[in-house]
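Asks: The structure is given below, and queries will be raised subsequently.
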Amino acid sequence: MSLQNKPGRPKSVTARKTFKDYYCEPEFREKHMNYLKEKICCEQCGKNITRVNMNRHKQSKMCVTKQCGTNKTDEMNSLKEQCNLLQIELNKILKKL
Ligand SMILES: [Zn+2]
């Protein structure tokens with residue numbers, strides 16, 4: 001006979017609160033809401049975005065275009081320029097033929 005093995009929930013389960021349990025406490029909820037509303041700097045474009053919107057922001061065009069827009073536009077422009085120069089050279093050669 002063992003008195004230690006009581007029926008019912010094991011101690012570890014009763015001791016552990018779920019997120020829902022915490023969320024029922026107004027104090028925790030307020031802290032959590034403040035945490036979500038807190039503005040943080042986007043590591044990709046440097047904009048200040050609320051934590052709750054950060055994931056959506058990072059996938060949005062607002063962030064992505066700003067992040068790689070400059071590099072890609074520069075790259076595109078230089079490629080276009082090279083294309084134009086090649087086209088001019090090609091025209092010159094074709095005229096000579
Ligand atoms: Zn961003």
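Quick note on naming: the chains in the structure tokens go A, B, ... in the order shown, residues restart at 1 in each chain, and ligands are numbered from 1 in order of appearance.
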Give as a list in words the residues surrounding ligand 1 up to a distance of 8 Å, considering only C-alpha atoms and all ligand atoms.
Replies: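 Written in the requested form, the residues are Cys41, Cys42, Glu43, Gln44, Cys45, Gly46, Lys47, Ile49, Met54, His57, Lys58, Met62, Cys63, Val64, Lys66 and Gln67 of chain A.
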Asks: DSSP on the backbone, then: every residue of segment 20-70 of chain A marked strand (DSSP E or B), written as a PyMOL selection string.
Replies: chain A and resi 39-41+48-50
Asks: Using N, CA and C atoms, can you write the selected residues to a file as a short mmCIF file (atom, residue, chain, number, x, y, z; two decimals), in the first residue's frame?
Replies:
```cif
data_model
loop_
_atom_site.label_atom_id
_atom_site.label_comp_id
_atom_site.auth_asym_id
_atom_site.auth_seq_id
_atom_site.Cartn_x
_atom_site.Cartn_y
_atom_site.Cartn_z
N LYS A 39 6.29 48.53 -30.12
CA LYS A 39 6.88 48.69 -31.45
C LYS A 39 8.35 48.29 -31.43
N ILE A 40 8.72 47.49 -32.37
CA ILE A 40 10.12 47.08 -32.47
C ILE A 40 10.62 47.40 -33.87
N CYS A 41 11.91 47.50 -33.97
CA CYS A 41 12.54 47.88 -35.23
C CYS A 41 12.64 46.64 -36.12
N ASN A 48 9.62 50.87 -37.73
CA ASN A 48 9.06 50.52 -36.44
C ASN A 48 7.68 49.90 -36.63
N ILE A 49 7.56 48.65 -36.23
CA ILE A 49 6.33 47.90 -36.43
C ILE A 49 5.95 47.28 -35.09
N THR A 50 4.64 47.21 -34.82
CA THR A 50 4.23 46.54 -33.60
C THR A 50 4.55 45.05 -33.71
#
```
Asks: So how far away is atom CA of Thr73 of chain A from atom CA of Ile88 of chain A, in Å?
Replies: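 Those two atoms sit 22.4 Å apart.
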Asks: Between atom CA of Lys31 of chain A and atom CA of Arg51 of chain A, measure the distance and give it in Å to one decimal.
Replies: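 Those two atoms sit 13.2 Å apart.
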